[in-house]
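Structure file model22.txt with compact mmCIF, N, CA and C atoms:
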```
# COMPACT_ATOMS: atom_id res chain seq x y z
N MET A 1 25.10 13.45 -21.82
CA MET A 1 25.51 12.55 -20.76
C MET A 1 26.65 11.68 -21.26
N PHE A 2 27.37 11.12 -20.31
CA PHE A 2 28.48 10.25 -20.63
C PHE A 2 27.98 8.84 -20.88
N PRO A 3 28.58 8.12 -21.80
CA PRO A 3 28.17 6.73 -21.99
C PRO A 3 28.57 5.90 -20.77
N PRO A 4 27.83 4.80 -20.50
CA PRO A 4 28.16 3.99 -19.33
C PRO A 4 29.53 3.34 -19.49
N THR A 5 30.24 3.28 -18.38
CA THR A 5 31.54 2.61 -18.39
C THR A 5 31.35 1.12 -18.20
N MET A 6 32.45 0.39 -18.12
CA MET A 6 32.38 -1.06 -18.13
C MET A 6 31.58 -1.63 -16.94
N GLY A 7 31.68 -1.06 -15.75
CA GLY A 7 31.01 -1.62 -14.57
C GLY A 7 29.60 -1.12 -14.38
N GLN A 8 29.14 -0.17 -15.17
CA GLN A 8 27.82 0.41 -14.98
C GLN A 8 26.81 -0.15 -15.96
N GLN A 9 25.55 -0.14 -15.53
CA GLN A 9 24.47 -0.56 -16.41
C GLN A 9 23.86 0.66 -17.09
N ASP A 10 23.27 0.45 -18.24
CA ASP A 10 22.59 1.52 -18.95
C ASP A 10 21.18 1.63 -18.39
N LEU A 11 20.87 2.72 -17.67
CA LEU A 11 19.56 2.93 -17.09
C LEU A 11 18.73 3.80 -18.01
N ASP A 12 17.53 3.34 -18.36
CA ASP A 12 16.66 4.11 -19.24
C ASP A 12 15.88 5.16 -18.49
N GLY A 13 15.72 5.00 -17.21
CA GLY A 13 14.95 5.95 -16.42
C GLY A 13 15.12 5.65 -14.95
N ALA A 14 14.40 6.39 -14.15
CA ALA A 14 14.53 6.23 -12.71
C ALA A 14 13.61 5.14 -12.17
N PHE A 15 12.69 4.65 -13.00
CA PHE A 15 11.69 3.70 -12.52
C PHE A 15 11.90 2.31 -13.12
N GLU A 16 11.64 1.31 -12.32
CA GLU A 16 11.67 -0.09 -12.75
C GLU A 16 10.22 -0.56 -12.86
N LEU A 17 9.66 -0.52 -14.06
CA LEU A 17 8.24 -0.82 -14.24
C LEU A 17 7.93 -2.31 -14.14
N GLY A 18 8.95 -3.16 -14.12
CA GLY A 18 8.72 -4.59 -13.94
C GLY A 18 8.15 -4.93 -12.58
N VAL A 19 8.28 -4.02 -11.62
CA VAL A 19 7.73 -4.24 -10.28
C VAL A 19 6.21 -4.35 -10.34
N LEU A 20 5.60 -3.69 -11.32
CA LEU A 20 4.14 -3.74 -11.43
C LEU A 20 3.63 -5.13 -11.79
N ARG A 21 4.51 -6.00 -12.28
CA ARG A 21 4.10 -7.36 -12.63
C ARG A 21 4.24 -8.34 -11.46
N THR A 22 4.85 -7.91 -10.36
CA THR A 22 5.00 -8.78 -9.20
C THR A 22 3.69 -8.78 -8.41
N PRO A 23 3.47 -9.79 -7.58
CA PRO A 23 2.23 -9.81 -6.79
C PRO A 23 2.08 -8.57 -5.89
N LYS A 24 3.16 -8.12 -5.26
CA LYS A 24 3.07 -6.94 -4.40
C LYS A 24 2.79 -5.69 -5.24
N GLY A 25 3.39 -5.59 -6.42
CA GLY A 25 3.13 -4.45 -7.29
C GLY A 25 1.69 -4.42 -7.79
N LEU A 26 1.16 -5.59 -8.13
CA LEU A 26 -0.25 -5.67 -8.54
C LEU A 26 -1.18 -5.29 -7.40
N LEU A 27 -0.86 -5.75 -6.20
CA LEU A 27 -1.68 -5.44 -5.04
C LEU A 27 -1.66 -3.94 -4.74
N LEU A 28 -0.47 -3.32 -4.77
CA LEU A 28 -0.39 -1.88 -4.54
C LEU A 28 -1.08 -1.09 -5.66
N GLY A 29 -0.97 -1.56 -6.90
CA GLY A 29 -1.65 -0.89 -7.99
C GLY A 29 -3.16 -0.94 -7.85
N ALA A 30 -3.67 -2.11 -7.44
CA ALA A 30 -5.12 -2.24 -7.22
C ALA A 30 -5.57 -1.37 -6.06
N GLU A 31 -4.77 -1.33 -4.99
CA GLU A 31 -5.10 -0.47 -3.85
C GLU A 31 -5.14 0.99 -4.27
N LEU A 32 -4.15 1.42 -5.05
CA LEU A 32 -4.10 2.81 -5.48
C LEU A 32 -5.29 3.15 -6.38
N MET A 33 -5.64 2.24 -7.28
CA MET A 33 -6.77 2.49 -8.17
C MET A 33 -8.08 2.59 -7.39
N LEU A 34 -8.30 1.67 -6.44
CA LEU A 34 -9.52 1.72 -5.66
C LEU A 34 -9.54 2.90 -4.69
N CYS A 35 -8.37 3.29 -4.16
CA CYS A 35 -8.31 4.49 -3.31
C CYS A 35 -8.72 5.72 -4.11
N GLY A 36 -8.24 5.81 -5.32
CA GLY A 36 -8.63 6.92 -6.18
C GLY A 36 -10.11 6.93 -6.47
N ALA A 37 -10.69 5.74 -6.66
CA ALA A 37 -12.14 5.66 -6.91
C ALA A 37 -12.93 6.09 -5.69
N VAL A 38 -12.51 5.66 -4.51
CA VAL A 38 -13.24 6.03 -3.30
C VAL A 38 -13.09 7.53 -3.02
N VAL A 39 -11.89 8.08 -3.20
CA VAL A 39 -11.71 9.52 -3.01
C VAL A 39 -12.55 10.29 -4.02
N GLY A 40 -12.64 9.79 -5.25
CA GLY A 40 -13.49 10.43 -6.26
C GLY A 40 -14.96 10.36 -5.90
N LEU A 41 -15.38 9.27 -5.27
CA LEU A 41 -16.77 9.16 -4.83
C LEU A 41 -17.06 10.04 -3.61
N LEU A 42 -16.05 10.24 -2.77
CA LEU A 42 -16.25 11.06 -1.58
C LEU A 42 -16.14 12.54 -1.85
N ALA A 43 -15.53 12.93 -2.96
CA ALA A 43 -15.27 14.35 -3.24
C ALA A 43 -16.54 15.18 -3.41
N PRO A 44 -17.57 14.74 -4.15
CA PRO A 44 -18.73 15.63 -4.33
C PRO A 44 -19.44 16.00 -3.02
N PRO A 45 -19.75 15.04 -2.13
CA PRO A 45 -20.40 15.49 -0.90
C PRO A 45 -19.43 16.05 0.15
N ALA A 46 -18.12 15.79 0.01
CA ALA A 46 -17.07 16.27 0.91
C ALA A 46 -17.36 15.95 2.38
N PRO A 47 -17.51 14.67 2.72
CA PRO A 47 -17.75 14.32 4.12
C PRO A 47 -16.45 14.40 4.92
N PRO A 48 -16.53 14.27 6.24
CA PRO A 48 -15.32 14.32 7.06
C PRO A 48 -14.40 13.12 6.84
N THR A 49 -14.87 12.08 6.20
CA THR A 49 -14.03 10.90 5.95
C THR A 49 -13.16 11.07 4.71
N LEU A 50 -13.27 12.19 4.01
CA LEU A 50 -12.46 12.41 2.81
C LEU A 50 -10.98 12.56 3.14
N ALA A 51 -10.66 13.27 4.21
CA ALA A 51 -9.26 13.52 4.56
C ALA A 51 -8.49 12.23 4.87
N PRO A 52 -9.01 11.33 5.73
CA PRO A 52 -8.26 10.09 5.98
C PRO A 52 -8.13 9.22 4.73
N ALA A 53 -9.17 9.18 3.91
CA ALA A 53 -9.11 8.38 2.68
C ALA A 53 -8.07 8.96 1.73
N LEU A 54 -8.00 10.28 1.65
CA LEU A 54 -7.01 10.91 0.78
C LEU A 54 -5.59 10.68 1.30
N LEU A 55 -5.40 10.76 2.60
CA LEU A 55 -4.08 10.50 3.18
C LEU A 55 -3.65 9.06 2.95
N GLN A 56 -4.58 8.12 3.06
CA GLN A 56 -4.25 6.73 2.82
C GLN A 56 -3.92 6.51 1.34
N ALA A 57 -4.62 7.18 0.45
CA ALA A 57 -4.30 7.08 -0.98
C ALA A 57 -2.89 7.61 -1.25
N LEU A 58 -2.51 8.69 -0.57
CA LEU A 58 -1.16 9.21 -0.73
C LEU A 58 -0.11 8.26 -0.16
N ALA A 59 -0.44 7.58 0.94
CA ALA A 59 0.48 6.60 1.51
C ALA A 59 0.69 5.42 0.57
N VAL A 60 -0.38 4.97 -0.08
CA VAL A 60 -0.26 3.88 -1.06
C VAL A 60 0.55 4.33 -2.26
N ALA A 61 0.31 5.56 -2.71
CA ALA A 61 1.08 6.08 -3.84
C ALA A 61 2.56 6.18 -3.49
N ALA A 62 2.88 6.59 -2.27
CA ALA A 62 4.27 6.67 -1.84
C ALA A 62 4.90 5.28 -1.76
N ALA A 63 4.14 4.29 -1.26
CA ALA A 63 4.67 2.93 -1.18
C ALA A 63 4.92 2.35 -2.57
N LEU A 64 3.99 2.58 -3.48
CA LEU A 64 4.17 2.09 -4.84
C LEU A 64 5.31 2.83 -5.52
N GLY A 65 5.42 4.14 -5.30
CA GLY A 65 6.52 4.89 -5.87
C GLY A 65 7.87 4.44 -5.33
N GLY A 66 7.93 4.10 -4.05
CA GLY A 66 9.16 3.59 -3.47
C GLY A 66 9.58 2.26 -4.06
N ARG A 67 8.60 1.42 -4.38
CA ARG A 67 8.93 0.13 -4.98
C ARG A 67 9.30 0.27 -6.46
N LEU A 68 8.80 1.31 -7.12
CA LEU A 68 9.10 1.50 -8.54
C LEU A 68 10.48 2.09 -8.78
N LEU A 69 11.06 2.74 -7.79
CA LEU A 69 12.38 3.35 -7.99
C LEU A 69 13.44 2.28 -8.23
N ARG A 70 14.37 2.58 -9.12
CA ARG A 70 15.45 1.64 -9.40
C ARG A 70 16.36 1.45 -8.19
N SER A 71 16.61 2.50 -7.46
CA SER A 71 17.40 2.39 -6.23
C SER A 71 16.56 2.96 -5.09
N PRO A 72 15.66 2.13 -4.51
CA PRO A 72 14.74 2.63 -3.50
C PRO A 72 15.48 2.98 -2.21
N PRO A 73 14.92 3.87 -1.42
CA PRO A 73 15.55 4.21 -0.14
C PRO A 73 15.50 3.00 0.79
N ARG A 74 16.58 2.77 1.50
CA ARG A 74 16.65 1.64 2.42
C ARG A 74 16.48 2.13 3.85
N LEU A 75 15.60 1.49 4.57
CA LEU A 75 15.41 1.80 5.98
C LEU A 75 16.21 0.81 6.81
N PRO A 76 16.50 1.15 8.06
CA PRO A 76 17.22 0.19 8.92
C PRO A 76 16.49 -1.14 9.01
N HIS A 77 17.19 -2.15 9.43
CA HIS A 77 16.71 -3.54 9.46
C HIS A 77 15.30 -3.66 10.02
N GLY A 78 14.40 -4.15 9.20
CA GLY A 78 13.05 -4.47 9.65
C GLY A 78 12.04 -3.34 9.62
N TYR A 79 12.49 -2.10 9.50
CA TYR A 79 11.54 -0.99 9.55
C TYR A 79 10.70 -0.89 8.28
N GLY A 80 11.25 -1.25 7.13
CA GLY A 80 10.49 -1.17 5.89
C GLY A 80 9.29 -2.09 5.89
N SER A 81 9.48 -3.32 6.34
CA SER A 81 8.36 -4.26 6.37
C SER A 81 7.36 -3.87 7.45
N CYS A 82 7.83 -3.31 8.57
CA CYS A 82 6.91 -2.87 9.62
C CYS A 82 6.07 -1.69 9.15
N LEU A 83 6.69 -0.76 8.42
CA LEU A 83 5.93 0.37 7.88
C LEU A 83 4.92 -0.10 6.84
N ASP A 84 5.29 -1.09 6.05
CA ASP A 84 4.37 -1.64 5.06
C ASP A 84 3.18 -2.31 5.75
N LEU A 85 3.46 -3.03 6.84
CA LEU A 85 2.38 -3.65 7.61
C LEU A 85 1.50 -2.60 8.26
N LEU A 86 2.10 -1.54 8.79
CA LEU A 86 1.32 -0.46 9.39
C LEU A 86 0.45 0.23 8.35
N ARG A 87 0.98 0.43 7.14
CA ARG A 87 0.18 1.04 6.07
C ARG A 87 -1.02 0.18 5.72
N ALA A 88 -0.82 -1.14 5.65
CA ALA A 88 -1.91 -2.04 5.30
C ALA A 88 -2.96 -2.12 6.41
N VAL A 89 -2.52 -2.18 7.65
CA VAL A 89 -3.47 -2.25 8.77
C VAL A 89 -4.25 -0.94 8.89
N SER A 90 -3.56 0.20 8.76
CA SER A 90 -4.27 1.48 8.84
C SER A 90 -5.25 1.64 7.68
N GLY A 91 -4.88 1.15 6.50
CA GLY A 91 -5.81 1.20 5.37
C GLY A 91 -7.05 0.36 5.61
N THR A 92 -6.87 -0.80 6.24
CA THR A 92 -8.02 -1.65 6.58
C THR A 92 -8.97 -0.91 7.50
N ILE A 93 -8.43 -0.31 8.54
CA ILE A 93 -9.28 0.38 9.53
C ILE A 93 -9.92 1.62 8.92
N ILE A 94 -9.14 2.42 8.20
CA ILE A 94 -9.66 3.66 7.64
C ILE A 94 -10.81 3.39 6.67
N PHE A 95 -10.62 2.44 5.76
CA PHE A 95 -11.67 2.24 4.77
C PHE A 95 -12.85 1.44 5.29
N LEU A 96 -12.66 0.69 6.37
CA LEU A 96 -13.81 0.07 7.03
C LEU A 96 -14.67 1.14 7.68
N VAL A 97 -14.03 2.12 8.32
CA VAL A 97 -14.78 3.24 8.92
C VAL A 97 -15.43 4.08 7.84
N VAL A 98 -14.72 4.34 6.74
CA VAL A 98 -15.29 5.12 5.63
C VAL A 98 -16.53 4.41 5.08
N ALA A 99 -16.46 3.08 4.94
CA ALA A 99 -17.62 2.33 4.43
C ALA A 99 -18.81 2.45 5.36
N LEU A 100 -18.57 2.30 6.67
CA LEU A 100 -19.68 2.37 7.61
C LEU A 100 -20.26 3.77 7.72
N VAL A 101 -19.41 4.79 7.68
CA VAL A 101 -19.90 6.18 7.74
C VAL A 101 -20.68 6.53 6.47
N ALA A 102 -20.20 6.06 5.32
CA ALA A 102 -20.91 6.35 4.07
C ALA A 102 -22.30 5.73 4.07
N LEU A 103 -22.43 4.54 4.61
CA LEU A 103 -23.73 3.89 4.65
C LEU A 103 -24.63 4.51 5.71
N ALA A 104 -24.06 4.91 6.85
CA ALA A 104 -24.87 5.50 7.92
C ALA A 104 -25.32 6.91 7.58
N ALA A 105 -24.53 7.65 6.81
CA ALA A 105 -24.84 9.04 6.51
C ALA A 105 -25.99 9.19 5.52
N SER A 106 -26.08 8.27 4.58
CA SER A 106 -27.09 8.43 3.53
C SER A 106 -27.42 7.06 2.95
N ARG A 107 -28.54 6.99 2.31
CA ARG A 107 -28.95 5.73 1.68
C ARG A 107 -29.08 5.87 0.16
N ASP A 108 -28.50 6.90 -0.42
CA ASP A 108 -28.62 7.09 -1.86
C ASP A 108 -27.61 6.19 -2.60
N ALA A 109 -27.63 6.26 -3.91
CA ALA A 109 -26.79 5.37 -4.73
C ALA A 109 -25.30 5.69 -4.56
N LEU A 110 -24.96 6.96 -4.40
CA LEU A 110 -23.56 7.34 -4.21
C LEU A 110 -23.02 6.77 -2.91
N ALA A 111 -23.82 6.80 -1.86
CA ALA A 111 -23.39 6.25 -0.57
C ALA A 111 -23.24 4.73 -0.65
N ALA A 112 -24.16 4.08 -1.36
CA ALA A 112 -24.07 2.62 -1.51
C ALA A 112 -22.83 2.23 -2.33
N THR A 113 -22.53 3.00 -3.35
CA THR A 113 -21.35 2.72 -4.16
C THR A 113 -20.07 2.96 -3.35
N THR A 114 -20.05 4.05 -2.59
CA THR A 114 -18.91 4.33 -1.73
C THR A 114 -18.73 3.23 -0.70
N PHE A 115 -19.82 2.76 -0.12
CA PHE A 115 -19.77 1.66 0.85
C PHE A 115 -19.18 0.40 0.20
N THR A 116 -19.64 0.08 -0.99
CA THR A 116 -19.18 -1.13 -1.66
C THR A 116 -17.69 -1.06 -1.98
N PHE A 117 -17.26 0.04 -2.60
CA PHE A 117 -15.84 0.18 -2.94
C PHE A 117 -14.96 0.24 -1.69
N SER A 118 -15.43 0.92 -0.65
CA SER A 118 -14.64 1.01 0.58
C SER A 118 -14.54 -0.34 1.27
N LEU A 119 -15.60 -1.12 1.24
CA LEU A 119 -15.56 -2.45 1.85
C LEU A 119 -14.62 -3.38 1.08
N ILE A 120 -14.68 -3.33 -0.25
CA ILE A 120 -13.75 -4.13 -1.07
C ILE A 120 -12.31 -3.70 -0.80
N LEU A 121 -12.10 -2.40 -0.71
CA LEU A 121 -10.76 -1.88 -0.44
C LEU A 121 -10.28 -2.27 0.95
N SER A 122 -11.18 -2.27 1.91
CA SER A 122 -10.81 -2.70 3.26
C SER A 122 -10.38 -4.15 3.27
N PHE A 123 -11.09 -5.01 2.55
CA PHE A 123 -10.70 -6.42 2.46
C PHE A 123 -9.37 -6.57 1.71
N LEU A 124 -9.14 -5.75 0.71
CA LEU A 124 -7.88 -5.79 -0.03
C LEU A 124 -6.70 -5.38 0.87
N PHE A 125 -6.91 -4.34 1.68
CA PHE A 125 -5.87 -3.94 2.63
C PHE A 125 -5.64 -5.01 3.69
N ALA A 126 -6.71 -5.68 4.14
CA ALA A 126 -6.55 -6.75 5.12
C ALA A 126 -5.76 -7.91 4.52
N PHE A 127 -6.02 -8.24 3.26
CA PHE A 127 -5.25 -9.28 2.58
C PHE A 127 -3.79 -8.86 2.45
N ASP A 128 -3.56 -7.59 2.13
CA ASP A 128 -2.20 -7.06 2.03
C ASP A 128 -1.48 -7.16 3.38
N ALA A 129 -2.18 -6.85 4.47
CA ALA A 129 -1.58 -6.95 5.80
C ALA A 129 -1.23 -8.40 6.11
N PHE A 130 -2.10 -9.33 5.76
CA PHE A 130 -1.84 -10.76 5.99
C PHE A 130 -0.63 -11.22 5.19
N VAL A 131 -0.58 -10.87 3.92
CA VAL A 131 0.53 -11.28 3.07
C VAL A 131 1.84 -10.64 3.54
N THR A 132 1.79 -9.36 3.90
CA THR A 132 3.00 -8.67 4.38
C THR A 132 3.50 -9.30 5.67
N TYR A 133 2.59 -9.63 6.57
CA TYR A 133 3.01 -10.25 7.82
C TYR A 133 3.64 -11.61 7.57
N ARG A 134 2.97 -12.42 6.76
CA ARG A 134 3.49 -13.78 6.52
C ARG A 134 4.81 -13.77 5.76
N ALA A 135 4.96 -12.85 4.79
CA ALA A 135 6.14 -12.89 3.93
C ALA A 135 7.32 -12.09 4.48
N GLU A 136 7.06 -11.00 5.19
CA GLU A 136 8.16 -10.10 5.56
C GLU A 136 8.38 -9.97 7.06
N VAL A 137 7.32 -9.87 7.84
CA VAL A 137 7.48 -9.59 9.26
C VAL A 137 7.76 -10.85 10.06
N ALA A 138 6.97 -11.90 9.86
CA ALA A 138 7.14 -13.13 10.64
C ALA A 138 8.51 -13.78 10.44
N PRO A 139 9.04 -13.90 9.21
CA PRO A 139 10.39 -14.47 9.07
C PRO A 139 11.47 -13.60 9.71
N ALA A 140 11.30 -12.29 9.70
CA ALA A 140 12.29 -11.40 10.31
C ALA A 140 12.30 -11.55 11.83
N VAL A 141 11.14 -11.81 12.43
CA VAL A 141 11.08 -12.00 13.88
C VAL A 141 11.73 -13.31 14.27
N VAL A 142 11.52 -14.37 13.50
CA VAL A 142 12.09 -15.67 13.80
C VAL A 142 13.60 -15.67 13.63
N GLN A 143 14.12 -14.97 12.62
CA GLN A 143 15.54 -14.99 12.31
C GLN A 143 16.32 -13.86 12.97
N ASP A 144 15.69 -13.04 13.80
CA ASP A 144 16.37 -11.91 14.41
C ASP A 144 17.37 -12.40 15.46
N PRO A 145 18.68 -12.10 15.30
CA PRO A 145 19.67 -12.59 16.26
C PRO A 145 19.63 -11.84 17.59
N ASP A 146 18.94 -10.69 17.65
CA ASP A 146 18.88 -9.91 18.87
C ASP A 146 17.87 -10.47 19.88
N VAL A 147 16.95 -11.32 19.40
CA VAL A 147 15.92 -11.86 20.26
C VAL A 147 16.51 -12.99 21.09
N ASP A 148 16.29 -12.92 22.40
CA ASP A 148 16.78 -13.99 23.29
C ASP A 148 15.97 -15.26 23.06
N SER A 149 16.63 -16.38 22.97
CA SER A 149 15.92 -17.63 22.73
C SER A 149 15.84 -18.46 24.01
N THR A 150 15.68 -17.80 25.14
CA THR A 150 15.57 -18.53 26.41
C THR A 150 14.17 -18.80 26.79
```
Kindly return the structure encoded in the file as C-alpha cells.
Amino acid sequence: MFPPTMGQQDLDGAFELGVLRTPKGLLLGAELMLCGAVVGLLAPPAPPTLAPALLQALAVAAALGGRLLRSPPRLPHGYGSCLDLLRAVSGTIIFLVVALVALAASRDALAATTFTFSLILSFLFAFDAFVTYRAEVAPAVVQDPDVDST
C-alpha cells in the first residue's frame, strides 16, 4: 500500500473500536450479548419465537456494525435516528412477546431463564428507545425547518 499523504490520516483498520466505550456503544453491545443469550436459550427447543428473536439479534448486530465503521453509511436527514428508534421499539415488543410465550409454553428452568433474560432485554430495548427518542428524534423534530410553525 501507499503511505498516507499529507491530508490523509493513517487508518489501522475499517473499525473504530472507541465507539464501544460510548453510552450508545455500550447499550448496543449489551443488547447484542443478551440477544445472543436468548437465541441460545431458544435454540434447543426451537419454538416459533426463535425466528423473530434471531432477526432482532441480526438487526442489533447490523446497528452496532454500522456504528463501528470508520466511515458509516449516511442516510438522508432524520432517517438514521428513526430507524434506530424503530429497531429499539421492535426489540421491546419482540422480546416482551418472547418472554410471555416462553413462560406460557412451559414451566421448566429453561423457560424461566428465557423469560428472565427476555424480560431484561425488553426493558433494555425500552430504555434504548427512550434514550434514542430524547437524544436524536425529539431535537430533530423541534429543529426541522420544513415543519410549519403556525
To test the calculation: enclose all listed atoms of stretch 81-93 of chain A in a box whose edges run along x, y and z, add 6 Å on each side, then state centre and edge lengths in Å to one decimal, as AutoDock Vina command-line options.
```
--center_x -0.2 --center_y -1.3 --center_z 7.3 --size_x 31.4 --size_y 17.9 --size_z 16.6
```
For this session: Kindly give the distance, in Å, that separates atom CA of A:Ser122 and atom CA of A:Glu16, rounded to a single decimal.
Result: 27.7 Å
For this session: Could you give me, as a list in words, the residues that have an atom at most 5 Å away from the point (-15.9, 9.3, 0.5) in the coordinates of the file, using only N, CA and C atoms?
Result: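 Answer for this query, in the requested form: Val38, Leu41 and Leu42 of chain A.
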Might you pull out every residue within 8 Å of A:Phe115, with only C-alpha atoms counted and same-chain residues fewer than 3 positions away left off, and present them as a compact mmCIF listing (two decimals) with N, CA and C atoms, keeping the file's coordinate frame?
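Contents of selection19.txt, freshly written:
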```txt
# COMPACT_ATOMS: atom_id res chain seq x y z
N VAL A 98 -14.72 4.34 6.74
CA VAL A 98 -15.29 5.12 5.63
C VAL A 98 -16.53 4.41 5.08
N ALA A 99 -16.46 3.08 4.94
CA ALA A 99 -17.62 2.33 4.43
C ALA A 99 -18.81 2.45 5.36
N LEU A 100 -18.57 2.30 6.67
CA LEU A 100 -19.68 2.37 7.61
C LEU A 100 -20.26 3.77 7.72
N ALA A 102 -20.20 6.06 5.32
CA ALA A 102 -20.91 6.35 4.07
C ALA A 102 -22.30 5.73 4.07
N LEU A 103 -22.43 4.54 4.61
CA LEU A 103 -23.73 3.89 4.65
C LEU A 103 -24.63 4.51 5.71
N ALA A 111 -23.82 6.80 -1.86
CA ALA A 111 -23.39 6.25 -0.57
C ALA A 111 -23.24 4.73 -0.65
N ALA A 112 -24.16 4.08 -1.36
CA ALA A 112 -24.07 2.62 -1.51
C ALA A 112 -22.83 2.23 -2.33
N SER A 118 -15.43 0.92 -0.65
CA SER A 118 -14.64 1.01 0.58
C SER A 118 -14.54 -0.34 1.27
N LEU A 119 -15.60 -1.12 1.24
CA LEU A 119 -15.56 -2.45 1.85
C LEU A 119 -14.62 -3.38 1.08
```
For this session: Give me the residues within 9 Å of stretch 48-65 of chain A as a list of chain:residue names, counting only C-alpha atoms and dropping any in the same chain fewer than 6 places off.
Result: A:Phe15, A:Leu20, A:Gly25, A:Leu28, A:Gly29, A:Glu31, A:Leu32, A:Met33, A:Leu34, A:Cys35, A:Gly36, A:Val38, A:Val39, A:Leu42, A:Pro72, A:Asp84, A:Arg87, A:Ala88, A:Ser90, A:Gly91, A:Ile94, A:Phe95, A:Val97, A:Val98, A:Val101, A:Ala102
Exercise. Which distance in Å separates atom CA of A:Leu27 and atom CA of A:Glu136, to one decimal?
Worked result: 15.2 Å
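In this comparison, which uses all atoms listed in the file, the residue of A:Ile93, A:Leu68, A:Leu85, A:Ala104 approaching A:Asp128 most closely is A:Leu85.
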Problem set entry | Interatomic distance (Å, one decimal) between atom CA of A:Ser81 and atom CA of A:Val137 | 6.1 Å
Starting from the block above, write stretch 29-56 of chain A out to a file with C-alpha atoms, as a CSV table (one decimal), in the first residue's frame, please.
```
chain,number,residue,atom,x,y,z
A,29,GLY,CA,-23.1,-4.3,23.0
A,30,ALA,CA,-25.3,-5.3,26.0
A,31,GLU,CA,-28.3,-5.7,23.7
A,32,LEU,CA,-26.3,-7.9,21.3
A,33,MET,CA,-24.9,-10.0,24.1
A,34,LEU,CA,-28.3,-10.6,25.7
A,35,CYS,CA,-29.9,-11.3,22.2
A,36,GLY,CA,-27.3,-14.0,21.7
A,37,ALA,CA,-28.1,-15.4,25.1
A,38,VAL,CA,-31.8,-15.5,24.4
A,39,VAL,CA,-31.3,-17.0,21.0
A,40,GLY,CA,-29.0,-19.6,22.6
A,41,LEU,CA,-31.7,-20.4,25.1
A,42,LEU,CA,-34.4,-20.7,22.5
A,43,ALA,CA,-32.3,-22.9,20.1
A,44,PRO,CA,-32.7,-26.3,21.9
A,45,PRO,CA,-36.5,-26.4,22.0
A,46,ALA,CA,-36.8,-24.4,18.7
A,47,PRO,CA,-40.1,-22.6,19.4
A,48,PRO,CA,-41.8,-20.4,16.9
A,49,THR,CA,-40.4,-17.3,18.7
A,50,LEU,CA,-36.8,-18.2,17.6
A,51,ALA,CA,-37.1,-16.5,14.2
A,52,PRO,CA,-38.1,-13.0,15.4
A,53,ALA,CA,-35.5,-13.1,18.2
A,54,LEU,CA,-32.8,-14.1,15.7
A,55,LEU,CA,-33.9,-11.4,13.3
A,56,GLN,CA,-33.7,-8.8,16.1
```
